[in-house]
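Enquirer: After the structure tokens below, expect a handful of questions from me.
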Number of protein chains: 2
Amino acid sequence: MALIVQKYGGSSVSDAPSIRRVARRIAQTSQAGNDVVVVVSAMGDTTDELIDLANELSHKAPRREMDILLTAGERISMSLLAMAIDSLGVKAKSYTGQQAGVITDAAYGKARIIDVTPSRIRLSLDKGHVAIVAGFQGVNQETNDVTTLGRGGSDTTAVALAAALGADVCEIYTDVDGVFTADPRIVPAARQVQRISYEEMLEMAASGAKVLALRCVEYGRRYDVPIHVRSSFSGRVGTLVTDVPGRTIPGLLPEDVPSDSTGNEEDSMEAPIITGVAHDRSEAKITVVGLPDVPGTAARLFEIVAQAGANLDMIVQNVSAAQTGLTDISFTLPAADAPATLEVLTNSRQEIGFDELKFDDQIGKLSLIGAGMRSSPGVSARLFGALRDAGINIEMISTSEIRISVVTRIDTLDDAVRAVHTAFALDASGDAVIYGGTGR
Amino acid sequence: MALIVQKYGGSSVSDAPSIRRVARRIAQTSQAGNDVVVVVSAMGDTTDELIDLANELSHKAPRREMDILLTAGERISMSLLAMAIDSLGVKAKSYTGQQAGVITDAAYGKARIIDVTPSRIRLSLDKGHVAIVAGFQGVNQETNDVTTLGRGGSDTTAVALAAALGADVCEIYTDVDGVFTADPRIVPAARQVQRISYEEMLEMAASGAKVLALRCVEYGRRYDVPIHVRSSFSGRVGTLVTDVPGRTIPGLLPEDVPSDSTGNEEDSMEAPIITGVAHDRSEAKITVVGLPDVPGTAARLFEIVAQAGANLDMIVQNVSAAQTGLTDISFTLPAADAPATLEVLTNSRQEIGFDELKFDDQIGKLSLIGAGMRSSPGVSARLFGALRDAGINIEMISTSEIRISVVTRIDTLDDAVRAVHTAFALDASGDAVIYGGTGR
């Protein structure tokens, strides 16, 4: 008997038939003798519809009210799911984030979890009940007001609860079969990954893979929670995020279909080199042209950029093409943060002393990820060679210990992903010893 | 400066434009220097839609889960309303039933209020904020689970909060202008009532008038809360429920339009006789035919009926027309309770020893209400005379100190209401000194 935390996203509970299907899976897991805690998101588009309503009523809604509004969606889905499970003859009780002991700071809209004290959930499990918990929400310890955790909040709720309860596995149910070596919509030959380390999964998530949120993986790594990413539609065994090679997946049911991956079946074989190829279309590039090439310029520039609150990604500095004694600095950032950043820069033009700003939202980022590249020379040479052979121009480069990222024109990104996927023998027909992951 | 509790029903906040309209009224009331607490229902049909979803998923949903589900509607409307008020430059904060201190028993779906401890609401008012409170919901003191108050729950929340806060008035905003001497859809000459006593309002509500829920009026009477029933659409002054003749209505705004009633302008004049005419189409009649006419038969019959949990209304016993030594007993009850009641009776036929059951859901009930009838002889004679002249057959009669009710065929009910309304000079063209109330 295992203690299993399952998380179902909005697309898995979008209407009554999907809720029933999810309820059957939960009931089976419970009837197989497991303790089951379920974290659920709001049904389908509920949250977006609530945001639209709020925008109709207020241009700048108070964040506390916005959080109260948005948490209604999970309260609806959690109680409906509990009813559906109960109607299958399995006792289920639903709990809000507050009741489940998810305690956060007061940063409405993007609250951080401070502590998880799931005493009511433990009591529920002790009585043999399935506990359904509202994802994405917690309670502000000081005021007892509800908070939301922001992007990837339900995944994070699930992993945090799994850590606090000492669960054997945290199953993240989604609408894809697991983590792939690349987005299968771009690379049809992409393979499902059987196991991926936290660090690789973090780099994948940070590089645009959307299957798991960054903070959920961070939480899982900190508390060593095995995360099983799988589809709520197919019943297939998915991808296990863990640092332990060859670890078996707890909580599988007899109904579960083995993964049809042709990938890393043998964890015991030679060390894998490349995990996969991630891509990201959501960034934009700002170039500050004609900065004085003297010490302190960059520091002042990024102090000012920080006022806009943007998370910068890649930063590149060059001697200015325009004039000697000057320099150009380019950086990428989420396109959504660009307007505010351009505004603070424009307002500080005098102070910083630059010639002009260039803005470019037609960029794409490709990232090659793999713990093996630490000790494997020639990875970047093979990457750049593959891009050259495919006729793709590289505009920016950045690297970490287990990742190389390049920026290209957005309309060449798909070709670039396919070329690199093939060059590193990640295609399903290839026979290199690899394992990997990807985003959508 | 007054402390005003306002309650807005689902039809008053059914979409973004209605929420904006309500927000403007609240902002005006606050800007006029009043302390304002607002109780709000779920938007339009939200609650019905949630019930439909629950019924799709479970034939017998656990009540605790049902209550969690249904309270989501008020959380949505309260936060949206707070945002809309905030966008008008008036600070507003929303509070759940739990946060507002509405403490109930554990009777999910029809919880009773045990206590109201609105310390957070007081703090909010002290800061000059408008406090928006979710209606219809409280918290089970023992388990910290949310409960719903059942029918009329938001009205009751408002009156209970007004009592606990010592408010000057509880304004119940609805989709009609106030309490009328009869349903204006049936009696076009019906008049709006300016003032009505709690006792008369209770009889009106119990007799089918739907403008205020019975328990809300009971609560108001117990704690002497003046209740101002008015329209959220017209801006007209409505009906004040209070036992104090000539009481002025607190919290009126300069924009408020005086009531256009031709009714009880002069509370100081001679005592009014008749309040109004209420009607009810929601009841059914069960007749138990051929009971042994011996002591204890009725007691046993109603013990068995009580098992079905129905609230009986009128009860009539006659000598049986069929056979001597036997008797017939007829009673009315909410039509919705009839199937369960018929079932327990059928199962006990042997034990009780009756010949047959007759079921009739084609009945209508007319009630004439007025505190003045206590001391005015001839009221029932005039009532029966009016019905006779209109050719309407009376099937059952019951009376209280301030009410006479008769059961007729359902298809003669409207004619009956009009005939009685005219006979007691309640029509707008009449000149009797009266005041009254009605339902829809």
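Every chain in the structure tokens has a letter given in the order shown (A, B, ...), and although residue numbers restart at 1 in each chain, ligands are simply numbered from 1 in the order shown.
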Residues of chain B that have any atom at most 9 Å from an atom of chain A: could you tabulate them with the shortest-distance atom pair and the distance in Å to one decimal, using only C-alpha atoms, ordered by chain and increasing number, as JSON lines?
Expert:
{"residue": "B:Asp15", "atom": "CA", "partner": "A:Leu53", "partner_atom": "CA", "distance": 8.6}
{"residue": "B:Ala16", "atom": "CA", "partner": "A:Leu57", "partner_atom": "CA", "distance": 6.5}
{"residue": "B:Pro17", "atom": "CA", "partner": "A:Leu57", "partner_atom": "CA", "distance": 8.4}
{"residue": "B:Ile19", "atom": "CA", "partner": "A:Leu57", "partner_atom": "CA", "distance": 8.0}
{"residue": "B:Arg20", "atom": "CA", "partner": "A:Leu57", "partner_atom": "CA", "distance": 7.0}
{"residue": "B:Leu50", "atom": "CA", "partner": "A:Ile76", "partner_atom": "CA", "distance": 8.0}
{"residue": "B:Leu53", "atom": "CA", "partner": "A:Ala16", "partner_atom": "CA", "distance": 6.9}
{"residue": "B:Ala54", "atom": "CA", "partner": "A:Leu80", "partner_atom": "CA", "distance": 6.1}
{"residue": "B:Glu56", "atom": "CA", "partner": "A:Ala16", "partner_atom": "CA", "distance": 6.7}
{"residue": "B:Leu57", "atom": "CA", "partner": "A:Ala84", "partner_atom": "CA", "distance": 5.1}
{"residue": "B:Ser58", "atom": "CA", "partner": "A:Ser87", "partner_atom": "CA", "distance": 5.5}
{"residue": "B:His59", "atom": "CA", "partner": "A:Ser87", "partner_atom": "CA", "distance": 7.3}
{"residue": "B:Lys60", "atom": "CA", "partner": "A:Ser87", "partner_atom": "CA", "distance": 7.4}
{"residue": "B:Ala61", "atom": "CA", "partner": "A:Met83", "partner_atom": "CA", "distance": 5.4}
{"residue": "B:Pro62", "atom": "CA", "partner": "A:Met83", "partner_atom": "CA", "distance": 6.5}
{"residue": "B:Arg64", "atom": "CA", "partner": "A:Lys93", "partner_atom": "CA", "distance": 8.4}
{"residue": "B:Glu65", "atom": "CA", "partner": "A:Ser79", "partner_atom": "CA", "distance": 5.1}
{"residue": "B:Met66", "atom": "CA", "partner": "A:Ser79", "partner_atom": "CA", "distance": 6.9}
{"residue": "B:Asp67", "atom": "CA", "partner": "A:Ser79", "partner_atom": "CA", "distance": 8.6}
{"residue": "B:Ile68", "atom": "CA", "partner": "A:Ser79", "partner_atom": "CA", "distance": 6.3}
{"residue": "B:Leu69", "atom": "CA", "partner": "A:Ile76", "partner_atom": "CA", "distance": 5.0}
{"residue": "B:Leu70", "atom": "CA", "partner": "A:Ile76", "partner_atom": "CA", "distance": 7.9}
{"residue": "B:Thr71", "atom": "CA", "partner": "A:Arg75", "partner_atom": "CA", "distance": 8.6}
{"residue": "B:Ala72", "atom": "CA", "partner": "A:Ala72", "partner_atom": "CA", "distance": 5.2}
{"residue": "B:Gly73", "atom": "CA", "partner": "A:Ala72", "partner_atom": "CA", "distance": 7.6}
{"residue": "B:Arg75", "atom": "CA", "partner": "A:Leu69", "partner_atom": "CA", "distance": 6.3}
{"residue": "B:Ile76", "atom": "CA", "partner": "A:Leu69", "partner_atom": "CA", "distance": 5.0}
{"residue": "B:Ser77", "atom": "CA", "partner": "A:Leu69", "partner_atom": "CA", "distance": 8.0}
{"residue": "B:Met78", "atom": "CA", "partner": "A:Leu69", "partner_atom": "CA", "distance": 8.1}
{"residue": "B:Ser79", "atom": "CA", "partner": "A:Glu65", "partner_atom": "CA", "distance": 5.1}
{"residue": "B:Leu80", "atom": "CA", "partner": "A:Ala54", "partner_atom": "CA", "distance": 6.1}
{"residue": "B:Leu81", "atom": "CA", "partner": "A:Leu57", "partner_atom": "CA", "distance": 8.2}
{"residue": "B:Ala82", "atom": "CA", "partner": "A:Glu65", "partner_atom": "CA", "distance": 6.9}
{"residue": "B:Met83", "atom": "CA", "partner": "A:Ala61", "partner_atom": "CA", "distance": 5.3}
{"residue": "B:Ala84", "atom": "CA", "partner": "A:Leu57", "partner_atom": "CA", "distance": 5.1}
{"residue": "B:Ile85", "atom": "CA", "partner": "A:Ser58", "partner_atom": "CA", "distance": 8.8}
{"residue": "B:Asp86", "atom": "CA", "partner": "A:Ala61", "partner_atom": "CA", "distance": 7.5}
{"residue": "B:Ser87", "atom": "CA", "partner": "A:Ser58", "partner_atom": "CA", "distance": 5.5}
{"residue": "B:Leu88", "atom": "CA", "partner": "A:Ser58", "partner_atom": "CA", "distance": 8.8}
{"residue": "B:Lys93", "atom": "CA", "partner": "A:Glu65", "partner_atom": "CA", "distance": 7.2}
{"residue": "B:Ser94", "atom": "CA", "partner": "A:Glu65", "partner_atom": "CA", "distance": 6.9}
{"residue": "B:Tyr95", "atom": "CA", "partner": "A:Asp145", "partner_atom": "CA", "distance": 8.7}
{"residue": "B:Gln99", "atom": "CA", "partner": "A:Asn144", "partner_atom": "CA", "distance": 8.2}
{"residue": "B:Asn144", "atom": "CA", "partner": "A:Gln99", "partner_atom": "CA", "distance": 8.2}
{"residue": "B:Asp145", "atom": "CA", "partner": "A:Gln99", "partner_atom": "CA", "distance": 8.5}
Enquirer: B:Val294: which residues within 12 Å, counting only C-alpha atoms, same-chain residues fewer than 2 positions away excluded, as a VMD selection string?
Expert: chain B and resid 290 to 292 296 to 300 319 325 to 327 352 to 353
Enquirer: Go ahead and save the residues from that selection, with N, CA and C atoms, as a short mmCIF file (atom, residue, chain, number, x, y, z; two decimals), in the first residue's frame.
Expert:
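Dumped to selection-v4.cif:
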data_model
loop_
_atom_site.label_atom_id
_atom_site.label_comp_id
_atom_site.auth_asym_id
_atom_site.auth_seq_id
_atom_site.Cartn_x
_atom_site.Cartn_y
_atom_site.Cartn_z
N GLY B 290 -62.04 7.19 4.76
CA GLY B 290 -62.53 5.98 5.44
C GLY B 290 -61.67 5.53 6.60
N LEU B 291 -61.32 6.47 7.46
CA LEU B 291 -60.58 6.10 8.68
C LEU B 291 -61.56 5.68 9.76
N PRO B 292 -61.20 4.72 10.62
CA PRO B 292 -62.08 4.38 11.76
C PRO B 292 -62.25 5.61 12.65
N GLY B 296 -57.51 8.40 18.77
CA GLY B 296 -56.14 7.95 18.49
C GLY B 296 -55.84 7.75 17.03
N THR B 297 -56.86 7.71 16.18
CA THR B 297 -56.62 7.49 14.75
C THR B 297 -55.80 8.63 14.15
N ALA B 298 -56.23 9.88 14.44
CA ALA B 298 -55.54 11.03 13.87
C ALA B 298 -54.11 11.11 14.39
N ALA B 299 -53.93 10.84 15.66
CA ALA B 299 -52.59 10.90 16.25
C ALA B 299 -51.66 9.94 15.52
N ARG B 300 -52.11 8.67 15.32
CA ARG B 300 -51.28 7.67 14.64
C ARG B 300 -51.00 8.09 13.20
N VAL B 319 -66.90 13.92 8.81
CA VAL B 319 -67.51 12.59 8.77
C VAL B 319 -67.42 12.09 7.34
N GLY B 325 -69.59 5.72 10.81
CA GLY B 325 -68.56 5.10 11.66
C GLY B 325 -67.17 5.35 11.14
N LEU B 326 -67.08 5.97 9.97
CA LEU B 326 -65.77 6.28 9.40
C LEU B 326 -65.64 7.80 9.26
N THR B 327 -64.40 8.25 9.09
CA THR B 327 -64.16 9.68 8.93
C THR B 327 -63.11 9.90 7.85
N ILE B 352 -52.92 1.76 9.80
CA ILE B 352 -53.85 2.86 10.08
C ILE B 352 -55.28 2.41 9.82
N GLY B 353 -55.44 1.62 8.79
CA GLY B 353 -56.77 1.13 8.47
C GLY B 353 -57.66 2.12 7.77
#
Enquirer: Could you write out, as JSON, numbers by chain, all the residues of stretch 59-107 of chain B that DSSP marks as helix (DSSP H, G or I)?
Expert: {"B": [63, 64, 65, 66, 67, 68, 69, 70, 71, 72, 73, 74, 75, 76, 77, 78, 79, 80, 81, 82, 83, 84, 85, 86]}
Enquirer: As an mmCIF file with C-alpha atoms, in the first residue's frame, please: the residues near B:Gly220 (cut-off 10 Å, only C-alpha atoms, same-chain neighbours under 5 positions excluded).
Expert:
data_model
loop_
_atom_site.group_PDB
_atom_site.id
_atom_site.type_symbol
_atom_site.label_atom_id
_atom_site.label_comp_id
_atom_site.auth_asym_id
_atom_site.auth_seq_id
_atom_site.Cartn_x
_atom_site.Cartn_y
_atom_site.Cartn_z
ATOM 1 C CA THR B 156 -31.320 35.915 6.678
ATOM 2 C CA ALA B 158 -28.331 40.293 5.993
ATOM 3 C CA VAL B 159 -30.814 40.599 8.856
ATOM 4 C CA ALA B 160 -28.575 38.583 11.194
ATOM 5 C CA ALA B 162 -27.731 43.917 10.830
ATOM 6 C CA ALA B 163 -28.806 42.631 14.252
ATOM 7 C CA CYS B 170 -31.414 46.314 6.681
ATOM 8 C CA TYR B 198 -43.375 41.793 11.514
ATOM 9 C CA LEU B 214 -40.105 33.624 6.569
ATOM 10 C CA ARG B 215 -36.980 33.085 8.657
ATOM 11 C CA VAL B 225 -34.252 45.078 12.853
ATOM 12 C CA PRO B 226 -36.091 47.509 10.547
ATOM 13 C CA ILE B 227 -36.184 45.834 7.115
ATOM 14 C CA VAL B 241 -41.071 46.170 7.939
ATOM 15 C CA THR B 242 -41.230 47.433 11.531
#
Enquirer: Please identify the strand (DSSP E or B) residues within stretch 221-289 of chain A (assignment by DSSP from backbone atoms) and present them as a PyMOL selection string.
Expert: chain A and resi 227-231+236+239-241+257+276-280+283-289
Enquirer: What's the 10 Å shell around B:Val37, counting only C-alpha atoms, without same-chain residues fewer than 5 positions away, as number ranges by chain?
Expert: B: 3-7, 26, 30, 92-94, 121-122, 124-125, 129-133, 158, 161-162, 165, 167, 170
Enquirer: I need the chosen residues saved as a PDB file, in the first residue's frame, with N, CA and C atoms.
Expert:
ATOM      1  N   LEU B   3     -25.566  53.292   9.984  1.00  0.00           N
ATOM      2  CA  LEU B   3     -24.969  52.000   9.615  1.00  0.00           C
ATOM      3  C   LEU B   3     -26.038  51.213   8.868  1.00  0.00           C
ATOM      4  N   ILE B   4     -25.751  50.920   7.595  1.00  0.00           N
ATOM      5  CA  ILE B   4     -26.752  50.336   6.710  1.00  0.00           C
ATOM      6  C   ILE B   4     -26.257  48.994   6.192  1.00  0.00           C
ATOM      7  N   VAL B   5     -27.090  47.950   6.331  1.00  0.00           N
ATOM      8  CA  VAL B   5     -26.793  46.666   5.702  1.00  0.00           C
ATOM      9  C   VAL B   5     -27.665  46.579   4.457  1.00  0.00           C
ATOM     10  N   GLN B   6     -27.042  46.329   3.308  1.00  0.00           N
ATOM     11  CA  GLN B   6     -27.797  46.183   2.064  1.00  0.00           C
ATOM     12  C   GLN B   6     -27.641  44.758   1.563  1.00  0.00           C
ATOM     13  N   LYS B   7     -28.738  44.164   1.108  1.00  0.00           N
ATOM     14  CA  LYS B   7     -28.648  42.827   0.529  1.00  0.00           C
ATOM     15  C   LYS B   7     -29.133  42.863  -0.918  1.00  0.00           C
ATOM     16  N   ILE B  26     -24.060  51.406  -4.018  1.00  0.00           N
ATOM     17  CA  ILE B  26     -23.318  51.194  -2.770  1.00  0.00           C
ATOM     18  C   ILE B  26     -22.322  52.336  -2.557  1.00  0.00           C
ATOM     19  N   SER B  30     -22.132  54.988   0.555  1.00  0.00           N
ATOM     20  CA  SER B  30     -20.924  55.182   1.348  1.00  0.00           C
ATOM     21  C   SER B  30     -20.479  56.647   1.285  1.00  0.00           C
ATOM     22  N   ALA B  92     -13.346  48.785  -0.813  1.00  0.00           N
ATOM     23  CA  ALA B  92     -14.280  47.713  -0.465  1.00  0.00           C
ATOM     24  C   ALA B  92     -13.515  46.418  -0.286  1.00  0.00           C
ATOM     25  N   LYS B  93     -13.924  45.629   0.701  1.00  0.00           N
ATOM     26  CA  LYS B  93     -13.297  44.319   0.925  1.00  0.00           C
ATOM     27  C   LYS B  93     -14.393  43.277   1.058  1.00  0.00           C
ATOM     28  N   SER B  94     -14.124  42.096   0.515  1.00  0.00           N
ATOM     29  CA  SER B  94     -15.135  41.044   0.588  1.00  0.00           C
ATOM     30  C   SER B  94     -14.778  40.021   1.666  1.00  0.00           C
ATOM     31  N   ILE B 121     -15.746  42.535  10.224  1.00  0.00           N
ATOM     32  CA  ILE B 121     -16.591  43.527   9.534  1.00  0.00           C
ATOM     33  C   ILE B 121     -16.485  44.874  10.248  1.00  0.00           C
ATOM     34  N   ARG B 122     -16.507  44.833  11.576  1.00  0.00           N
ATOM     35  CA  ARG B 122     -16.360  46.081  12.343  1.00  0.00           C
ATOM     36  C   ARG B 122     -15.032  46.761  12.045  1.00  0.00           C
ATOM     37  N   SER B 124     -13.302  46.507   9.356  1.00  0.00           N
ATOM     38  CA  SER B 124     -13.392  47.028   7.999  1.00  0.00           C
ATOM     39  C   SER B 124     -14.130  48.368   8.002  1.00  0.00           C
ATOM     40  N   LEU B 125     -15.238  48.436   8.735  1.00  0.00           N
ATOM     41  CA  LEU B 125     -16.013  49.686   8.805  1.00  0.00           C
ATOM     42  C   LEU B 125     -15.189  50.775   9.489  1.00  0.00           C
ATOM     43  N   HIS B 129     -13.931  51.225   5.101  1.00  0.00           N
ATOM     44  CA  HIS B 129     -14.167  50.363   3.944  1.00  0.00           C
ATOM     45  C   HIS B 129     -15.615  49.895   3.907  1.00  0.00           C
ATOM     46  N   VAL B 130     -16.117  49.691   2.698  1.00  0.00           N
ATOM     47  CA  VAL B 130     -17.375  48.964   2.535  1.00  0.00           C
ATOM     48  C   VAL B 130     -17.056  47.479   2.699  1.00  0.00           C
ATOM     49  N   ALA B 131     -17.857  46.770   3.483  1.00  0.00           N
ATOM     50  CA  ALA B 131     -17.642  45.333   3.663  1.00  0.00           C
ATOM     51  C   ALA B 131     -18.678  44.568   2.849  1.00  0.00           C
ATOM     52  N   ILE B 132     -18.179  43.693   1.962  1.00  0.00           N
ATOM     53  CA  ILE B 132     -19.067  42.860   1.150  1.00  0.00           C
ATOM     54  C   ILE B 132     -19.050  41.456   1.751  1.00  0.00           C
ATOM     55  N   VAL B 133     -20.207  40.915   2.061  1.00  0.00           N
ATOM     56  CA  VAL B 133     -20.273  39.613   2.723  1.00  0.00           C
ATOM     57  C   VAL B 133     -21.031  38.626   1.834  1.00  0.00           C
ATOM     58  N   ALA B 158     -28.308  38.835   5.910  1.00  0.00           N
ATOM     59  CA  ALA B 158     -28.331  40.293   5.993  1.00  0.00           C
ATOM     60  C   ALA B 158     -28.974  40.746   7.301  1.00  0.00           C
ATOM     61  N   LEU B 161     -26.718  39.884  10.301  1.00  0.00           N
ATOM     62  CA  LEU B 161     -25.586  40.803  10.403  1.00  0.00           C
ATOM     63  C   LEU B 161     -26.050  42.167  10.908  1.00  0.00           C
ATOM     64  N   ALA B 162     -27.192  42.628  10.393  1.00  0.00           N
ATOM     65  CA  ALA B 162     -27.731  43.917  10.830  1.00  0.00           C
ATOM     66  C   ALA B 162     -27.998  43.875  12.334  1.00  0.00           C
ATOM     67  N   LEU B 165     -24.626  43.857  14.256  1.00  0.00           N
ATOM     68  CA  LEU B 165     -23.898  45.127  14.153  1.00  0.00           C
ATOM     69  C   LEU B 165     -24.700  46.293  14.725  1.00  0.00           C
ATOM     70  N   ALA B 167     -27.319  47.646  13.221  1.00  0.00           N
ATOM     71  CA  ALA B 167     -27.508  48.544  12.079  1.00  0.00           C
ATOM     72  C   ALA B 167     -28.803  49.336  12.210  1.00  0.00           C
ATOM     73  N   CYS B 170     -31.863  47.357   7.600  1.00  0.00           N
ATOM     74  CA  CYS B 170     -31.414  46.314   6.681  1.00  0.00           C
ATOM     75  C   CYS B 170     -32.210  46.474   5.401  1.00  0.00           C
TER      76      CYS B 170
END
